[in-house]
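input.cif follows (mmCIF, C-alpha atoms):
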data_query
#
loop_
_atom_site.group_PDB
_atom_site.id
_atom_site.type_symbol
_atom_site.label_atom_id
_atom_site.label_comp_id
_atom_site.auth_asym_id
_atom_site.auth_seq_id
_atom_site.Cartn_x
_atom_site.Cartn_y
_atom_site.Cartn_z
ATOM 1 C CA MET D 1 116.608 100.019 72.431
ATOM 2 C CA ASN D 2 117.248 96.674 70.679
ATOM 3 C CA LYS D 3 118.887 95.400 73.867
ATOM 4 C CA LEU D 4 115.838 96.401 75.904
ATOM 5 C CA PHE D 5 113.499 94.487 73.568
ATOM 6 C CA PHE D 6 115.853 91.508 73.749
ATOM 7 C CA TYR D 7 115.815 91.563 77.566
ATOM 8 C CA ILE D 8 112.002 91.827 77.676
ATOM 9 C CA LYS D 9 111.643 88.988 75.138
ATOM 10 C CA GLU D 10 113.994 86.777 77.154
ATOM 11 C CA ALA D 11 112.101 87.591 80.347
ATOM 12 C CA PHE D 12 108.765 86.539 78.828
ATOM 13 C CA LYS D 13 110.393 83.407 77.360
ATOM 14 C CA SER D 14 111.617 82.457 80.822
ATOM 15 C CA ILE D 15 108.160 83.092 82.340
ATOM 16 C CA PHE D 16 106.378 80.869 79.789
ATOM 17 C CA ARG D 17 109.181 78.281 79.845
ATOM 18 C CA SER D 18 108.757 77.869 83.617
ATOM 19 C CA LYS D 19 104.974 78.243 83.838
ATOM 20 C CA ASN D 20 104.605 76.342 87.102
ATOM 21 C CA THR D 21 107.353 78.316 88.815
ATOM 22 C CA SER D 22 105.974 81.603 87.483
ATOM 23 C CA PHE D 23 102.450 80.731 88.635
ATOM 24 C CA ALA D 24 103.752 79.728 92.073
ATOM 25 C CA THR D 25 105.662 83.026 92.332
ATOM 26 C CA VAL D 26 102.636 85.125 91.355
ATOM 27 C CA PHE D 27 100.366 83.126 93.664
ATOM 28 C CA SER D 28 102.761 83.488 96.616
ATOM 29 C CA MET D 29 103.203 87.210 95.950
ATOM 30 C CA THR D 30 99.437 87.667 95.696
ATOM 31 C CA ILE D 31 98.779 85.896 99.003
ATOM 32 C CA THR D 32 101.548 87.765 100.824
ATOM 33 C CA LEU D 33 100.520 91.182 99.459
ATOM 34 C CA PHE D 34 96.863 90.342 100.154
ATOM 35 C CA ILE D 35 97.708 89.713 103.830
ATOM 36 C CA LEU D 36 99.787 92.902 103.836
ATOM 37 C CA GLY D 37 96.823 94.792 102.380
ATOM 38 C CA ILE D 38 94.442 93.470 105.046
ATOM 39 C CA VAL D 39 96.921 94.557 107.735
ATOM 40 C CA LEU D 40 97.217 97.978 106.092
ATOM 41 C CA PHE D 41 93.422 98.358 105.901
ATOM 42 C CA ILE D 42 93.108 97.624 109.605
ATOM 43 C CA VAL D 43 96.111 99.703 110.689
ATOM 44 C CA LEU D 44 95.325 102.734 108.493
ATOM 45 C CA ASN D 45 91.675 102.817 109.557
ATOM 46 C CA ILE D 46 92.524 102.410 113.243
ATOM 47 C CA ASN D 47 95.080 105.187 112.868
ATOM 48 C CA HIS D 48 92.464 107.325 111.099
ATOM 49 C CA PHE D 49 90.011 106.604 113.904
ATOM 50 C CA VAL D 50 92.584 107.615 116.542
ATOM 51 C CA ILE D 51 93.498 110.825 114.681
ATOM 52 C CA THR D 52 89.831 111.759 114.186
ATOM 53 C CA THR D 53 89.011 111.014 117.817
ATOM 54 C CA ARG D 54 92.082 112.920 119.010
ATOM 55 C CA GLN D 55 90.791 115.944 117.116
ATOM 56 C CA ASP D 56 87.404 115.576 118.824
ATOM 57 C CA PHE D 57 89.034 115.400 122.247
ATOM 58 C CA SER D 58 91.580 118.144 121.557
ATOM 59 C CA GLY D 59 88.902 120.750 122.247
ATOM 60 C CA ILE D 60 88.966 122.606 125.547
ATOM 61 C CA GLN D 61 86.512 125.035 127.104
ATOM 62 C CA ILE D 62 88.099 128.021 128.835
ATOM 63 C CA PHE D 63 85.828 129.719 131.379
ATOM 64 C CA LEU D 64 86.465 133.389 132.147
ATOM 65 C CA LYS D 65 85.976 135.013 135.531
ATOM 66 C CA ASN D 66 82.702 136.911 136.007
ATOM 67 C CA ASP D 67 84.508 140.212 136.515
ATOM 68 C CA VAL D 68 85.971 140.096 132.983
ATOM 69 C CA ASP D 69 84.103 142.774 130.977
ATOM 70 C CA LYS D 70 83.529 143.051 127.199
ATOM 71 C CA ASP D 71 86.912 144.660 126.619
ATOM 72 C CA GLY D 72 88.556 141.859 128.590
ATOM 73 C CA ILE D 73 86.704 139.244 126.534
ATOM 74 C CA GLU D 74 87.906 140.825 123.266
ATOM 75 C CA GLU D 75 91.428 141.057 124.654
ATOM 76 C CA PHE D 76 91.370 137.348 125.512
ATOM 77 C CA ARG D 77 89.943 136.530 122.066
ATOM 78 C CA ASP D 78 92.867 138.394 120.431
ATOM 79 C CA PHE D 79 95.273 136.447 122.624
ATOM 80 C CA LEU D 80 93.789 133.140 121.414
ATOM 81 C CA GLU D 81 93.610 134.170 117.752
ATOM 82 C CA HIS D 82 97.254 135.268 117.672
ATOM 83 C CA ASN D 83 98.445 132.013 119.226
ATOM 84 C CA ARG D 84 99.193 129.486 116.454
ATOM 85 C CA ASN D 85 98.570 126.579 118.854
ATOM 86 C CA PHE D 86 94.815 127.314 118.931
ATOM 87 C CA SER D 87 92.208 126.968 116.177
ATOM 88 C CA ASP D 88 88.410 126.864 115.710
ATOM 89 C CA ILE D 89 87.939 129.548 118.372
ATOM 90 C CA GLN D 90 84.317 129.928 119.430
ATOM 91 C CA PHE D 91 82.895 132.265 122.064
ATOM 92 C CA VAL D 92 80.039 130.981 124.252
ATOM 93 C CA SER D 93 78.275 133.590 126.362
ATOM 94 C CA LYS D 94 77.017 132.740 129.838
ATOM 95 C CA GLU D 95 73.465 133.436 128.579
ATOM 96 C CA GLU D 96 73.854 130.725 125.899
ATOM 97 C CA THR D 97 75.237 128.294 128.467
ATOM 98 C CA MET D 98 72.341 128.939 130.843
ATOM 99 C CA LYS D 99 69.810 128.622 128.025
ATOM 100 C CA LYS D 100 71.169 125.214 126.996
ATOM 101 C CA PHE D 101 71.230 124.077 130.617
ATOM 102 C CA ILE D 102 67.563 125.059 131.116
ATOM 103 C CA GLN D 103 66.548 123.342 127.866
ATOM 104 C CA ASN D 104 68.183 120.114 129.076
ATOM 105 C CA MET D 105 66.180 120.317 132.312
ATOM 106 C CA GLU D 106 62.923 120.169 130.309
ATOM 107 C CA ASN D 107 60.081 119.848 132.867
ATOM 108 C CA ASP D 108 62.149 121.311 135.722
ATOM 109 C CA SER D 109 63.241 124.395 133.788
ATOM 110 C CA ASN D 110 60.879 126.675 135.806
ATOM 111 C CA LEU D 111 63.054 126.117 138.901
ATOM 112 C CA PHE D 112 65.591 128.601 137.478
ATOM 113 C CA ASP D 113 63.157 131.482 136.821
ATOM 114 C CA ASP D 114 64.171 133.477 139.912
ATOM 115 C CA ILE D 115 67.842 132.497 140.025
ATOM 116 C CA ASN D 116 70.634 134.776 138.827
ATOM 117 C CA ASN D 117 72.721 133.307 136.037
ATOM 118 C CA PRO D 118 75.632 131.470 137.749
ATOM 119 C CA CYS D 119 77.334 130.528 134.471
ATOM 120 C CA GLU D 120 80.519 132.072 133.079
ATOM 121 C CA ASN D 121 81.480 133.313 129.636
ATOM 122 C CA SER D 122 83.774 130.870 127.875
ATOM 123 C CA PHE D 123 85.764 130.092 124.750
ATOM 124 C CA ILE D 124 85.850 126.689 123.069
ATOM 125 C CA VAL D 125 89.133 126.130 121.211
ATOM 126 C CA HIS D 126 91.037 123.235 119.635
ATOM 127 C CA ILE D 127 94.715 122.628 120.318
ATOM 128 C CA ASN D 128 96.605 121.945 117.088
ATOM 129 C CA ASP D 129 99.554 120.091 118.580
ATOM 130 C CA THR D 130 98.288 117.539 121.108
ATOM 131 C CA GLN D 131 101.859 116.747 122.162
ATOM 132 C CA ILE D 132 101.994 120.059 124.078
ATOM 133 C CA PHE D 133 98.390 119.833 125.293
ATOM 134 C CA SER D 134 99.247 119.668 129.004
ATOM 135 C CA LYS D 135 101.719 122.555 128.824
ATOM 136 C CA LEU D 136 99.229 124.843 127.063
ATOM 137 C CA VAL D 137 96.521 124.039 129.607
ATOM 138 C CA GLU D 138 98.877 124.788 132.496
ATOM 139 C CA ASP D 139 99.879 128.103 130.893
ATOM 140 C CA LEU D 140 96.217 129.063 130.440
ATOM 141 C CA LYS D 141 95.468 128.311 134.083
ATOM 142 C CA THR D 142 97.992 130.983 135.116
ATOM 143 C CA ASN D 143 96.133 133.629 133.104
ATOM 144 C CA SER D 144 94.463 136.144 135.440
ATOM 145 C CA GLN D 145 91.275 136.201 133.329
ATOM 146 C CA VAL D 146 90.744 132.435 133.389
ATOM 147 C CA SER D 147 88.467 130.890 135.995
ATOM 148 C CA SER D 148 88.705 127.206 135.032
ATOM 149 C CA ILE D 149 89.288 124.899 132.063
ATOM 150 C CA SER D 150 87.279 121.864 130.995
ATOM 151 C CA TYR D 151 89.045 119.218 128.878
ATOM 152 C CA TYR D 152 89.590 115.471 128.345
ATOM 153 C CA ALA D 153 93.236 115.113 129.346
ATOM 154 C CA ASP D 154 93.151 111.429 130.354
ATOM 155 C CA THR D 155 91.283 110.348 127.235
ATOM 156 C CA LEU D 156 93.609 112.349 125.014
ATOM 157 C CA ASN D 157 96.720 110.868 126.659
ATOM 158 C CA ILE D 158 95.358 107.344 126.142
ATOM 159 C CA LEU D 159 94.688 108.075 122.459
ATOM 160 C CA ILE D 160 98.208 109.448 121.983
ATOM 161 C CA LYS D 161 99.678 106.267 123.515
ATOM 162 C CA ILE D 162 97.443 104.075 121.330
ATOM 163 C CA SER D 163 98.559 106.008 118.241
ATOM 164 C CA LYS D 164 102.242 105.444 119.091
ATOM 165 C CA ILE D 165 101.734 101.709 119.752
ATOM 166 C CA ILE D 166 99.819 101.281 116.478
ATOM 167 C CA SER D 167 102.591 103.034 114.539
ATOM 168 C CA ILE D 168 105.313 100.797 116.023
ATOM 169 C CA VAL D 169 103.332 97.563 115.551
ATOM 170 C CA SER D 170 102.304 98.447 111.981
ATOM 171 C CA ILE D 171 105.906 99.239 110.965
ATOM 172 C CA ALA D 172 107.052 95.882 112.409
ATOM 173 C CA ILE D 173 104.303 93.903 110.626
ATOM 174 C CA ILE D 174 104.869 95.673 107.301
ATOM 175 C CA PHE D 175 108.631 95.048 107.534
ATOM 176 C CA ILE D 176 108.102 91.324 108.253
ATOM 177 C CA LEU D 177 105.664 90.910 105.351
ATOM 178 C CA PHE D 178 107.973 92.866 103.029
ATOM 179 C CA MET D 179 110.910 90.577 103.919
ATOM 180 C CA LEU D 180 108.664 87.521 103.455
ATOM 181 C CA SER D 181 107.658 88.715 99.966
ATOM 182 C CA LEU D 182 111.300 89.345 99.117
ATOM 183 C CA LEU D 183 112.280 85.852 100.307
ATOM 184 C CA ILE D 184 109.506 84.214 98.270
ATOM 185 C CA ILE D 185 110.415 85.849 94.967
ATOM 186 C CA GLU D 186 114.142 85.391 95.650
ATOM 187 C CA ASN D 187 113.679 81.619 96.080
ATOM 188 C CA MET D 188 111.477 81.400 92.997
ATOM 189 C CA ILE D 189 114.061 83.213 90.876
ATOM 190 C CA LYS D 190 116.725 80.840 92.236
ATOM 191 C CA VAL D 191 114.688 77.889 90.925
ATOM 192 C CA THR D 192 114.662 79.519 87.487
ATOM 193 C CA ILE D 193 118.424 80.172 87.692
ATOM 194 C CA PHE D 194 119.149 76.530 88.594
ATOM 195 C CA SER D 195 117.216 75.363 85.537
ATOM 196 C CA ARG D 196 119.299 77.694 83.355
ATOM 197 C CA MET D 197 122.731 77.331 84.968
ATOM 198 C CA ARG D 198 124.209 75.596 81.912
ATOM 199 C CA GLU D 199 122.970 78.423 79.684
ATOM 200 C CA ILE D 200 124.357 81.065 82.087
ATOM 201 C CA ASN D 201 127.773 79.333 82.225
ATOM 202 C CA ILE D 202 127.947 79.198 78.434
ATOM 203 C CA MET D 203 127.098 82.919 78.191
ATOM 204 C CA LYS D 204 129.807 83.769 80.739
ATOM 205 C CA THR D 205 132.322 81.574 78.849
ATOM 206 C CA ILE D 206 131.784 83.442 75.577
ATOM 207 C CA GLY D 207 132.246 86.796 77.343
ATOM 208 C CA ALA D 208 128.733 87.981 78.259
ATOM 209 C CA THR D 209 128.800 90.616 81.001
ATOM 210 C CA ASN D 210 127.068 90.058 84.331
ATOM 211 C CA TRP D 211 124.529 92.775 83.591
ATOM 212 C CA PHE D 212 123.723 91.236 80.189
ATOM 213 C CA ILE D 213 122.838 88.014 81.999
ATOM 214 C CA ARG D 214 121.182 89.804 84.903
ATOM 215 C CA TRP D 215 118.705 92.080 83.049
ATOM 216 C CA PRO D 216 116.265 89.371 81.764
ATOM 217 C CA PHE D 217 115.974 87.992 85.317
ATOM 218 C CA ILE D 218 115.417 91.485 86.753
ATOM 219 C CA ILE D 219 112.682 92.210 84.205
ATOM 220 C CA GLU D 220 111.168 88.778 84.881
ATOM 221 C CA GLY D 221 111.057 89.527 88.619
ATOM 222 C CA ALA D 222 109.500 92.937 87.956
ATOM 223 C CA ILE D 223 106.804 91.411 85.706
ATOM 224 C CA LEU D 224 105.926 88.683 88.215
ATOM 225 C CA GLY D 225 105.893 91.229 91.043
ATOM 226 C CA PHE D 226 103.656 93.542 89.019
ATOM 227 C CA ILE D 227 101.158 90.744 88.225
ATOM 228 C CA GLY D 228 101.077 89.636 91.870
ATOM 229 C CA SER D 229 100.518 93.184 93.093
ATOM 230 C CA LEU D 230 97.806 93.814 90.478
ATOM 231 C CA VAL D 231 95.861 90.671 91.402
ATOM 232 C CA SER D 232 96.090 91.313 95.154
ATOM 233 C CA PHE D 233 95.102 94.976 94.673
ATOM 234 C CA SER D 234 92.028 93.970 92.634
ATOM 235 C CA LEU D 235 90.866 91.585 95.366
ATOM 236 C CA LEU D 236 91.520 94.054 98.187
ATOM 237 C CA ASN D 237 89.916 96.964 96.374
ATOM 238 C CA PHE D 238 86.762 94.923 95.713
ATOM 239 C CA ILE D 239 86.519 93.914 99.389
ATOM 240 C CA TYR D 240 87.102 97.443 100.707
ATOM 241 C CA VAL D 241 84.670 99.110 98.298
ATOM 242 C CA GLU D 242 81.975 96.554 99.136
ATOM 243 C CA LEU D 243 82.523 97.044 102.867
ATOM 244 C CA TYR D 244 82.523 100.820 102.486
ATOM 245 C CA MET D 245 79.303 100.832 100.445
ATOM 246 C CA ASN D 246 77.550 98.512 102.897
ATOM 247 C CA LEU D 247 78.426 100.894 105.730
ATOM 248 C CA SER D 248 77.486 104.000 103.721
ATOM 249 C CA ASN D 249 74.126 104.245 105.497
ATOM 250 C CA SER D 250 75.839 104.511 108.871
ATOM 251 C CA ASN D 251 77.480 107.883 109.452
ATOM 252 C CA ILE D 252 78.883 106.592 112.734
ATOM 253 C CA PHE D 253 81.207 104.155 110.943
ATOM 254 C CA LEU D 254 81.912 106.197 107.813
ATOM 255 C CA GLN D 255 83.291 109.222 109.661
ATOM 256 C CA TYR D 256 86.036 106.979 111.058
ATOM 257 C CA MET D 257 86.807 105.117 107.801
ATOM 258 C CA ILE D 258 89.199 106.283 105.103
ATOM 259 C CA ASP D 259 87.334 107.192 101.902
ATOM 260 C CA LYS D 260 87.241 104.303 99.391
ATOM 261 C CA ASP D 261 88.749 106.378 96.552
ATOM 262 C CA VAL D 262 91.593 107.622 98.751
ATOM 263 C CA MET D 263 92.268 104.069 99.954
ATOM 264 C CA SER D 264 92.191 102.691 96.384
ATOM 265 C CA HIS D 265 94.741 105.218 95.121
ATOM 266 C CA LEU D 266 96.947 104.703 98.168
ATOM 267 C CA ILE D 267 96.952 100.878 97.988
ATOM 268 C CA PHE D 268 97.409 100.845 94.194
ATOM 269 C CA SER D 269 100.427 103.154 94.346
ATOM 270 C CA LEU D 270 101.922 101.274 97.280
ATOM 271 C CA PHE D 271 101.372 97.808 95.802
ATOM 272 C CA LEU D 272 102.636 98.813 92.363
ATOM 273 C CA CYS D 273 105.908 100.101 93.846
ATOM 274 C CA ALA D 274 106.175 97.221 96.339
ATOM 275 C CA GLY D 275 105.442 94.467 93.801
ATOM 276 C CA ILE D 276 107.878 95.707 91.149
ATOM 277 C CA GLY D 277 110.472 96.721 93.761
ATOM 278 C CA ILE D 278 110.387 93.339 95.522
ATOM 279 C CA GLY D 279 110.606 91.565 92.150
ATOM 280 C CA ILE D 280 113.674 93.546 91.080
ATOM 281 C CA LEU D 281 115.397 93.344 94.478
ATOM 282 C CA GLY D 282 114.699 89.612 94.780
ATOM 283 C CA SER D 283 116.173 88.969 91.341
ATOM 284 C CA ILE D 284 119.326 90.980 92.053
ATOM 285 C CA THR D 285 120.000 89.319 95.421
ATOM 286 C CA SER D 286 119.359 85.788 94.118
ATOM 287 C CA LEU D 287 121.715 86.306 91.147
ATOM 288 C CA ARG D 288 124.557 87.838 93.146
ATOM 289 C CA LYS D 289 126.492 84.693 94.071
ATOM 290 C CA TYR D 290 125.919 82.953 90.719
ATOM 291 C CA LEU D 291 127.545 85.741 88.713
ATOM 292 C CA LYS D 292 130.804 86.008 90.639
ATOM 293 C CA VAL D 293 133.738 85.861 88.298
#

Target encoding structure tokens, full file:
Amino acid sequence: MNKLFFYIKEAFKSIFRSKNTSFATVFSMTITLFILGIVLFIVLNINHFVITTRQDFSGIQIFLKNDVDKDGIEEFRDFLEHNRNFSDIQFVSKEETMKKFIQNMENDSNLFDDINNPCENSFIVHINDTQIFSKLVEDLKTNSQVSSISYYADTLNILIKISKIISIVSIAIIFILFMLSLLIIENMIKVTIFSRMREINIMKTIGATNWFIRWPFIIEGAILGFIGSLVSFSLLNFIYVELYMNLSNSNIFLQYMIDKDVMSHLIFSLFLCAGIGIGILGSITSLRKYLKV
């Protein structure tokens, strides 16, 4: 425990001894993580939009042939309910369909007074796994009770492609920004090491182990990374909450945005781990060649 307090004390001494370097490190980390946060806000919300929209377009309407009686309808319902690929199963009778159609005609609704109902009974269902959307639709078309199927195949395929592209691009951007953050803190720690090379050489001469020398630098990197992540999180959280609250009167936008509390918890956890992790990793890599025996 005494060693731990010694390491922490030495880390804070080094931070205050090299105030300009420490400030530059925190500032650089804050800017880099701030840019990373903006990218994450955009990417996560676009991804959320795509997922939400995919769910909207994953619904299909299955029309049954007119010769399918009540027993046949119940049999088809059981088939859908026992298939784990379908959810939110809703039956729409041909009377309901005709009624809605007439209501939409408004002034011309009297034209259908003497016409027999041409509509068909149908089921509206959602497909849980959109990756097998096409296969499920093709299988349903071969069912002897099915007359036709209405769905948004092209739109759904486009959304799936967009989702994949966003995932690949976001991973690439996050990796680049992570490496940039690591490089920044690594170079800043190197500056601190250069200013203390004489002290490090003396410690090695009198028999200090590499880890004894290494720990204060690791803790220093973790502290600087933590401060940088905390500052950038505070700025990003303020911006996102303000944006979210300003759009709170518009349900159109809010239904496609990630909730502000969920986003805050996610970004805080991510930045806390990233900031401290980058600080520790940067310190270890920058010290490696200076501690070779």

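Each of D:Phe178, D:Phe63, D:Phe34, D:Phe79 was checked against Leu230 in chain D using all atoms listed in the file; the smallest atom-to-atom distance is that of D:Phe34.
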
Atom-to-atom span, CA of Ser93 in chain D and CA of Ser144 in chain D, Å: 18.7 Å

Exercise: range 260-272 of chain D partners within 8 Å, all atoms listed in the file, chain neighbours under 5 positions left out, as a list in words: Leu33, Gly37, Phe226, Ser229, Leu230, Phe233, Asn237, Tyr240, Val241 and Tyr244 of chain D

Taking the file above as input, evaluate the PyMOL selection byres ((chain D and resi 209-212) around 10) and report the hits as a PyMOL selection string. chain D and resi 3+7+200+203-208+213-218+287-288+290-293

For the residues in that selection, give me C-alpha atoms as an mmCIF file, in the frame of the given file.
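Contents of result.cif, freshly written:
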data_model
loop_
_atom_site.group_PDB
_atom_site.id
_atom_site.type_symbol
_atom_site.label_atom_id
_atom_site.label_comp_id
_atom_site.auth_asym_id
_atom_site.auth_seq_id
_atom_site.Cartn_x
_atom_site.Cartn_y
_atom_site.Cartn_z
ATOM 1 C CA LYS D 3 118.887 95.400 73.867
ATOM 2 C CA TYR D 7 115.815 91.563 77.566
ATOM 3 C CA ILE D 200 124.357 81.065 82.087
ATOM 4 C CA MET D 203 127.098 82.919 78.191
ATOM 5 C CA LYS D 204 129.807 83.769 80.739
ATOM 6 C CA THR D 205 132.322 81.574 78.849
ATOM 7 C CA ILE D 206 131.784 83.442 75.577
ATOM 8 C CA GLY D 207 132.246 86.796 77.343
ATOM 9 C CA ALA D 208 128.733 87.981 78.259
ATOM 10 C CA ILE D 213 122.838 88.014 81.999
ATOM 11 C CA ARG D 214 121.182 89.804 84.903
ATOM 12 C CA TRP D 215 118.705 92.080 83.049
ATOM 13 C CA PRO D 216 116.265 89.371 81.764
ATOM 14 C CA PHE D 217 115.974 87.992 85.317
ATOM 15 C CA ILE D 218 115.417 91.485 86.753
ATOM 16 C CA LEU D 287 121.715 86.306 91.147
ATOM 17 C CA ARG D 288 124.557 87.838 93.146
ATOM 18 C CA TYR D 290 125.919 82.953 90.719
ATOM 19 C CA LEU D 291 127.545 85.741 88.713
ATOM 20 C CA LYS D 292 130.804 86.008 90.639
ATOM 21 C CA VAL D 293 133.738 85.861 88.298
#

Rounded to one decimal in Å, what is the spacing between CA of Ile132 in chain D and CA of Asn47 in chain D? 19.9 Å

Quick one: residues within 12 Å of Val169 in chain D, all atoms listed in the file, excluding same-chain residues fewer than 2 positions away - as a list of chain:residue names? D:Val39, D:Leu40, D:Ile42, D:Val43, D:Leu44, D:Asn47, D:Ile162, D:Ser163, D:Lys164, D:Ile165, D:Ile166, D:Ser167, D:Ile171, D:Ala172, D:Ile173, D:Ile174, D:Phe175, D:Ile176

Can you translate the PyMOL selection byres ((chain D and resi 16-28) around 12) into the concrete residues it hits in this file, as JSON, numbers by chain? {"D": [9, 10, 11, 12, 13, 14, 15, 29, 30, 31, 32, 33, 34, 35, 177, 180, 181, 182, 183, 184, 185, 186, 187, 188, 189, 190, 191, 192, 193, 194, 195, 196, 220, 221, 222, 223, 224, 225, 226, 227, 228, 229, 230, 231, 232, 275, 276, 278, 279, 282]}

How about saving the chosen residues, C-alpha atoms kept, as a tab-separated table (two decimals), in the frame of the given file?
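Ended up saving to again_32.tsv:
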chain	number	residue	atom	x	y	z
D	9	LYS	CA	111.64	88.99	75.14
D	10	GLU	CA	113.99	86.78	77.15
D	11	ALA	CA	112.10	87.59	80.35
D	12	PHE	CA	108.76	86.54	78.83
D	13	LYS	CA	110.39	83.41	77.36
D	14	SER	CA	111.62	82.46	80.82
D	15	ILE	CA	108.16	83.09	82.34
D	29	MET	CA	103.20	87.21	95.95
D	30	THR	CA	99.44	87.67	95.70
D	31	ILE	CA	98.78	85.90	99.00
D	32	THR	CA	101.55	87.76	100.82
D	33	LEU	CA	100.52	91.18	99.46
D	34	PHE	CA	96.86	90.34	100.15
D	35	ILE	CA	97.71	89.71	103.83
D	177	LEU	CA	105.66	90.91	105.35
D	180	LEU	CA	108.66	87.52	103.46
D	181	SER	CA	107.66	88.72	99.97
D	182	LEU	CA	111.30	89.34	99.12
D	183	LEU	CA	112.28	85.85	100.31
D	184	ILE	CA	109.51	84.21	98.27
D	185	ILE	CA	110.42	85.85	94.97
D	186	GLU	CA	114.14	85.39	95.65
D	187	ASN	CA	113.68	81.62	96.08
D	188	MET	CA	111.48	81.40	93.00
D	189	ILE	CA	114.06	83.21	90.88
D	190	LYS	CA	116.72	80.84	92.24
D	191	VAL	CA	114.69	77.89	90.92
D	192	THR	CA	114.66	79.52	87.49
D	193	ILE	CA	118.42	80.17	87.69
D	194	PHE	CA	119.15	76.53	88.59
D	195	SER	CA	117.22	75.36	85.54
D	196	ARG	CA	119.30	77.69	83.36
D	220	GLU	CA	111.17	88.78	84.88
D	221	GLY	CA	111.06	89.53	88.62
D	222	ALA	CA	109.50	92.94	87.96
D	223	ILE	CA	106.80	91.41	85.71
D	224	LEU	CA	105.93	88.68	88.22
D	225	GLY	CA	105.89	91.23	91.04
D	226	PHE	CA	103.66	93.54	89.02
D	227	ILE	CA	101.16	90.74	88.22
D	228	GLY	CA	101.08	89.64	91.87
D	229	SER	CA	100.52	93.18	93.09
D	230	LEU	CA	97.81	93.81	90.48
D	231	VAL	CA	95.86	90.67	91.40
D	232	SER	CA	96.09	91.31	95.15
D	275	GLY	CA	105.44	94.47	93.80
D	276	ILE	CA	107.88	95.71	91.15
D	278	ILE	CA	110.39	93.34	95.52
D	279	GLY	CA	110.61	91.56	92.15
D	282	GLY	CA	114.70	89.61	94.78

Would you mind telling me which residue in D:Tyr151, D:Phe123, D:Phe76, D:Phe6 lies nearest to Phe91 in chain D when using all atoms listed in the file?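 Under the stated criterion, the closest residue is D:Phe123.
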
D:Asn143, D:Asn2, D:Asn157, D:Thr285 ranked by distance to Leu80 in chain D, top pick (using all atoms listed in the file):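 The answer is D:Asn143, which sits nearest to Leu80 in chain D.
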
Hey, what comes out of the PyMOL selection byres ((chain D and resi 121) around 9) on this file? Could you write it as a list in words? Ile62, Phe63, Leu64, Lys65, Asn66, Val68, Ile73, Phe91, Val92, Ser93, Lys94, Glu95, Glu96, Thr97, Cys119, Glu120, Ser122 and Phe123 of chain D

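Proximity ranking of D:Leu236, D:Ala274, D:Ile60, D:Ile38 relative to Tyr152 in chain D places D:Ile60 first, based on only C-alpha atoms.
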
Which residue out of D:Cys273, D:Asn246, D:Ile219, D:Ser286 has the minimum interatomic distance to Phe5 in chain D when all atoms listed in the file are used? D:Ile219

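CA of Val125 in chain D to CA of Ser148 in chain D spans 13.9 Å [interatomic distance, one decimal].
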